[in-house]
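Report on one structure; see the data block that follows.
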Amino acid sequence: MDGALEEEGTADEFATAALAESHSAVVVFVGDRAYKVKKPVDLGFLDFTTVRAREDACRRELDLNRRLAPDVYLGVRHVVDDAGETRDWVLVMRRMPSARRLSTLVEAGVDVRHDLRELARMLAAFHARGRRGAKVAAAGRPAALLHRWRDNLAGTEPFVGEVLDPGTVAEIDRLVERYVAGRSALLDARARSGLVVDGHGDLLADDVFCLPDGPRVLDCLEFDDALRYVDGVDDAAFLAMDLERLGSPGLAESFLRWYGDFTGGLPVASLVHHYVAYRAFVRAKVACLRYRQGMTPARATARQLAALTLDHLRAGEVRLVMVGGLPGTGKSTVAGALANRLGAVVLRTDQIRREQRTPRLPAPRGDTDALRGPSGYGRGRYTPARVHAAYRELLTRARRLLARGDSVVLDATWNDAAQRDAARRLARDTSSTLTEVRCVAPVEVAEQRIRERVGDLSEATVEVARRMARTYAPWPEAVEVDCAGRPEDASEAAWATVHEPSESGLSVGSPTVSPPAT
């Protein structure tokens, strides 16, 4: 993971010599050649303290990087002393024009969309032909992903306080454990499907050069095969993270979208955010190491990258949002708006009841109205057996979605405390962040809305709403949202509740949230 090379001189023309340095290597630029020497360092995750180790690393780097840039990596040469004894090893490369470095172009505001699209196509093709197998696939499973995170977190421990904010690191740790714990089915399925490959492992904008005949991608990770065995999206996420760090989140999104176009589509958004977060924290650790080596500006870089890590982990939280309330209070409007903002799937008991077939839901003995369709509270589709079946199906569908990384908004009355408890258990089982919202409105407003419904899935009448109100179990855990006014105001108030969950990740409770005054 040699990372971005920091030039100490200007090398705009090949006639000018220059020097670049990272935490593990030094590169000397002379004429049209670049000569890379490994530092004799032991950083824990790599050990170049012996001549043999540095030779092996140079040869490995040559072979691996020729997969993407065969015309750049020319060979390995040894350095001898006056007695002819080998003292070190040098990787010889074709020198790239520094003005065409992707990071330089992005920072200068040059339009690089064509180059990024070509790079996405190249990376997709590289992954398509990449090495696979049981050993490679294992590196993409939950235990391996969590192990990589823990190694990086452990590597930053000496810098917590002096470089990294303790609260930031603690929240990163918590969100990582929570996400991976609940997404085993998603990660295992991608590993089984052959989506984990022998990739690049260190795709940074400093190591991409946009040439007229196509991009050149340099400096893949060579010192640990297991860290190079990654989900293809994880590999692409590295460059997306770096583009965002450079202040170009739009380019990052475009690059990932193009990569998805060339590979048959991106996975669920939460996983993409998780991989971007992981890559940001990898670079945060590297910045910490560079700070320890005397590179003072690396402290600010490390803090920036840790903040970026946390931003994406928060954006990638898998959420279960219960939106409830009596008929006519506006819960379906709020649920739909929240789902749009979260990129979540909305599940509605009204829809599920419509899908349920009568013969599959026998009524309790003596309930002769149960098979007549919608006829009132406690009858037709509203019998206790049918209501229970609808909620059970609602939570079954939600479990499948949460396990694969989708956030879910559950639109239901939630008048039964036992059903709410079942939803809370589901959130715990799937390590999902739970928020409970109850929509409220004056009785006259709700009943007027019910009377004016046209083509709505809900079959609740004013009589049903009144009966429900008399039996509605107290719901102190929910945040009440006043939905008497404009729908957009109620939706904004609900969004503020969902967007600011409690630190514990459990249900939050507070007084009624009113929409902002207009």
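As shown in the structure tokens, the chain order sets the letters A, B, ...; within each chain, residues go from 1, and ligands are also counted from 1 in the order they appear.
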
Open item on the list: Residues near range 438-450 of chain A, anyone? I mean within 9 Å using only C-alpha atoms, not counting same-chain ones fewer than 5 positions away, as a PyMOL selection string.
Closed with: chain A and resi 322-331+334+413-414+460-462+465-466+475+478-485+490+494+512

Print the selection's residues with C-alpha atoms to a file, as a PDB file, in the first residue's frame.
ATOM      1  CA  MET A 322     -41.850   2.438  11.919  1.00  0.00           C
ATOM      2  CA  VAL A 323     -44.384   5.038  10.803  1.00  0.00           C
ATOM      3  CA  GLY A 324     -47.708   4.619  12.544  1.00  0.00           C
ATOM      4  CA  GLY A 325     -50.864   6.396  13.552  1.00  0.00           C
ATOM      5  CA  LEU A 326     -54.607   6.205  13.134  1.00  0.00           C
ATOM      6  CA  PRO A 327     -56.222   6.209   9.684  1.00  0.00           C
ATOM      7  CA  GLY A 328     -56.281   9.634   8.076  1.00  0.00           C
ATOM      8  CA  THR A 329     -53.387  11.083  10.080  1.00  0.00           C
ATOM      9  CA  GLY A 330     -51.059  11.178   7.075  1.00  0.00           C
ATOM     10  CA  LYS A 331     -48.752   8.277   7.910  1.00  0.00           C
ATOM     11  CA  VAL A 334     -44.877  10.664   5.656  1.00  0.00           C
ATOM     12  CA  THR A 413     -51.194   1.644  12.222  1.00  0.00           C
ATOM     13  CA  TRP A 414     -49.018   0.030  14.916  1.00  0.00           C
ATOM     14  CA  ALA A 460     -60.360   1.961   6.754  1.00  0.00           C
ATOM     15  CA  THR A 461     -63.557   3.929   7.240  1.00  0.00           C
ATOM     16  CA  VAL A 462     -64.373   6.614   9.778  1.00  0.00           C
ATOM     17  CA  ALA A 465     -60.719   4.814  12.751  1.00  0.00           C
ATOM     18  CA  ARG A 466     -62.950   5.555  15.730  1.00  0.00           C
ATOM     19  CA  TRP A 475     -46.777   4.376  22.400  1.00  0.00           C
ATOM     20  CA  ALA A 478     -42.471   7.010  19.377  1.00  0.00           C
ATOM     21  CA  VAL A 479     -41.787  10.554  18.305  1.00  0.00           C
ATOM     22  CA  GLU A 480     -45.115  12.184  17.534  1.00  0.00           C
ATOM     23  CA  VAL A 481     -45.217  14.251  14.343  1.00  0.00           C
ATOM     24  CA  ASP A 482     -47.986  16.783  13.872  1.00  0.00           C
ATOM     25  CA  CYS A 483     -49.477  16.078  10.438  1.00  0.00           C
ATOM     26  CA  ALA A 484     -52.410  18.478  10.538  1.00  0.00           C
ATOM     27  CA  GLY A 485     -50.857  20.987   8.126  1.00  0.00           C
ATOM     28  CA  ALA A 490     -44.886  17.043   8.337  1.00  0.00           C
ATOM     29  CA  ALA A 494     -40.346  13.406  10.474  1.00  0.00           C
ATOM     30  CA  THR A 512     -44.520  15.909  19.656  1.00  0.00           C
TER      31      THR A 512
END

- [ ] Determine, counting only C-alpha atoms, which protein, DNA and RNA residues have an atom within 9 Å of an atom of Asp88 in chain A; residues of the same chain fewer than 2 positions away are not included. Present the result as a ChimeraX atom specification.
- [x] /A:37-38,51-52,54-55,77-80,86,90

Limited to N, CA and C atoms, could you put the picked residues into a file as a short mmCIF file (atom, residue, chain, number, x, y, z; two decimals), in the first residue's frame?
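Generated file (result-v4.cif):
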data_model
loop_
_atom_site.label_atom_id
_atom_site.label_comp_id
_atom_site.auth_asym_id
_atom_site.auth_seq_id
_atom_site.Cartn_x
_atom_site.Cartn_y
_atom_site.Cartn_z
N VAL A 37 12.53 2.64 -4.96
CA VAL A 37 13.26 1.88 -3.96
C VAL A 37 12.38 1.76 -2.71
N LYS A 38 12.29 0.56 -2.17
CA LYS A 38 11.53 0.35 -0.94
C LYS A 38 12.33 0.84 0.27
N VAL A 51 17.05 -7.01 2.69
CA VAL A 51 17.25 -6.87 1.24
C VAL A 51 16.39 -7.87 0.49
N ARG A 52 16.28 -9.09 1.00
CA ARG A 52 15.47 -10.11 0.34
C ARG A 52 13.99 -9.72 0.31
N ARG A 54 12.83 -6.71 0.27
CA ARG A 54 12.66 -5.62 -0.68
C ARG A 54 12.73 -6.14 -2.12
N GLU A 55 13.57 -7.12 -2.36
CA GLU A 55 13.63 -7.73 -3.69
C GLU A 55 12.30 -8.41 -4.03
N ARG A 77 15.96 -4.13 -11.13
CA ARG A 77 17.42 -4.11 -11.21
C ARG A 77 18.00 -4.08 -9.79
N HIS A 78 19.23 -4.64 -9.65
CA HIS A 78 19.84 -4.60 -8.32
C HIS A 78 20.90 -3.51 -8.26
N VAL A 79 21.13 -3.04 -7.03
CA VAL A 79 22.13 -2.02 -6.75
C VAL A 79 23.31 -2.72 -6.07
N VAL A 80 24.49 -2.54 -6.60
CA VAL A 80 25.67 -3.24 -6.08
C VAL A 80 26.67 -2.23 -5.52
N THR A 86 25.19 -7.23 -3.90
CA THR A 86 23.88 -6.60 -4.02
C THR A 86 23.51 -5.93 -2.70
N VAL A 90 15.77 -2.20 -7.18
CA VAL A 90 15.08 -1.03 -7.72
C VAL A 90 14.07 -1.49 -8.76
#

Task: In range 171-350 of chain A, DSSP strand (DSSP E or B) residues written as an MDAnalysis selection string - done: chainID A and resid 196:198 208:211 214:217 229:231 319:324 345:348

Open item on the list: Let me make sure I understand: among A:Arg33, A:Arg397, A:Lys39, A:Arg486, which one has the smallest atom-to-atom distance to Gln293 in chain A if we use only C-alpha atoms?
Closed with: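 Closest to Gln293 in chain A of all the choices is A:Lys39.
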
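The space separating CA of Leu145 in chain A from CA of Leu243 in chain A comes to 23.0 Å.
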
- [ ] DSSP on the backbone, then: every residue of range 232-352 of chain A marked alpha helix (DSSP H), written as a ChimeraX atom specification.
- [x] /A:232-245,249-263,269-292,298-315,331-342,349-352

Need the shell around Ala417 in chain A: protein/DNA/RNA residues with any atom at most 9 Å away, counting only C-alpha atoms. Skip same-chain ones fewer than 6 positions apart. Format as a compact mmCIF listing (two decimals) with N, CA and C atoms, in the first residue's frame?
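Below is the file part_35.txt, written as the result:
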# COMPACT_ATOMS: atom_id res chain seq x y z
N TYR A 472 -56.27 1.90 20.89
CA TYR A 472 -54.86 2.17 20.52
C TYR A 472 -53.98 2.13 21.77
N ALA A 473 -53.02 1.22 21.79
CA ALA A 473 -52.15 1.07 22.95
C ALA A 473 -51.20 2.27 23.06
N PRO A 474 -50.91 2.73 24.26
CA PRO A 474 -49.95 3.84 24.44
C PRO A 474 -48.63 3.54 23.73
N TRP A 475 -48.00 4.57 23.17
CA TRP A 475 -46.78 4.38 22.40
C TRP A 475 -45.76 5.44 22.82

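Near Gly336 in chain A, within 9 Å and counting only C-alpha atoms, sit Lys331, Ser332, Asn340, Arg341, Val345, Val346, Val409, Asp411 and Ser491 of chain A; same-chain residues fewer than 4 positions away were not included.
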
Take the residues just selected and output them with N, CA and C atoms as a PDB file, in the first residue's frame.
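As a result, part.pdb now contains:
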ATOM      1  N   LYS A 331     -49.938   9.129   7.744  1.00  0.00           N
ATOM      2  CA  LYS A 331     -48.752   8.277   7.910  1.00  0.00           C
ATOM      3  C   LYS A 331     -48.212   7.759   6.583  1.00  0.00           C
ATOM      4  N   SER A 332     -49.077   7.449   5.628  1.00  0.00           N
ATOM      5  CA  SER A 332     -48.584   6.932   4.347  1.00  0.00           C
ATOM      6  C   SER A 332     -47.837   8.002   3.565  1.00  0.00           C
ATOM      7  N   ASN A 340     -38.260   8.023   0.288  1.00  0.00           N
ATOM      8  CA  ASN A 340     -37.569   8.712  -0.804  1.00  0.00           C
ATOM      9  C   ASN A 340     -36.285   9.359  -0.318  1.00  0.00           C
ATOM     10  N   ARG A 341     -36.319   9.966   0.848  1.00  0.00           N
ATOM     11  CA  ARG A 341     -35.122  10.634   1.373  1.00  0.00           C
ATOM     12  C   ARG A 341     -34.048   9.628   1.761  1.00  0.00           C
ATOM     13  N   VAL A 345     -36.959   1.111   1.107  1.00  0.00           N
ATOM     14  CA  VAL A 345     -38.131   0.412   0.612  1.00  0.00           C
ATOM     15  C   VAL A 345     -39.269   0.641   1.600  1.00  0.00           C
ATOM     16  N   VAL A 346     -40.455   1.010   1.093  1.00  0.00           N
ATOM     17  CA  VAL A 346     -41.596   1.191   1.972  1.00  0.00           C
ATOM     18  C   VAL A 346     -42.506  -0.028   1.866  1.00  0.00           C
ATOM     19  N   VAL A 409     -38.967   1.296   5.490  1.00  0.00           N
ATOM     20  CA  VAL A 409     -39.965   2.091   6.194  1.00  0.00           C
ATOM     21  C   VAL A 409     -41.235   1.261   6.269  1.00  0.00           C
ATOM     22  N   ASP A 411     -45.049   1.130   7.015  1.00  0.00           N
ATOM     23  CA  ASP A 411     -46.241   1.967   7.088  1.00  0.00           C
ATOM     24  C   ASP A 411     -47.401   1.108   7.592  1.00  0.00           C
ATOM     25  N   SER A 491     -43.514  15.971   6.652  1.00  0.00           N
ATOM     26  CA  SER A 491     -42.442  15.083   6.193  1.00  0.00           C
ATOM     27  C   SER A 491     -41.084  15.600   6.631  1.00  0.00           C
TER      28      SER A 491
END

Considering only C-alpha atoms, tabulate each residue of range 168-230 of chain A that lies at most 12 Å from range 104-113 of chain A along with its nearest interatomic pair and the corresponding distance in Å to one decimal; arrange the rows by chain and ascending residue number and present them as a Markdown table.
| residue | atom | partner | partner_atom | distance |
| --- | --- | --- | --- | --- |
| A:Leu204 | CA | A:Thr104 | CA | 11.9 |
| A:Ala205 | CA | A:Thr104 | CA | 8.5 |
| A:Asp206 | CA | A:Thr104 | CA | 7.7 |
| A:Asp207 | CA | A:Thr104 | CA | 10.6 |
| A:Val208 | CA | A:Thr104 | CA | 10.1 |
| A:Phe209 | CA | A:Leu105 | CA | 9.4 |
| A:Cys210 | CA | A:Val112 | CA | 8.3 |
| A:Leu211 | CA | A:Val112 | CA | 11.1 |
| A:Pro212 | CA | A:Val112 | CA | 11.9 |
| A:Gly214 | CA | A:Val112 | CA | 11.9 |
| A:Pro215 | CA | A:Val112 | CA | 10.8 |
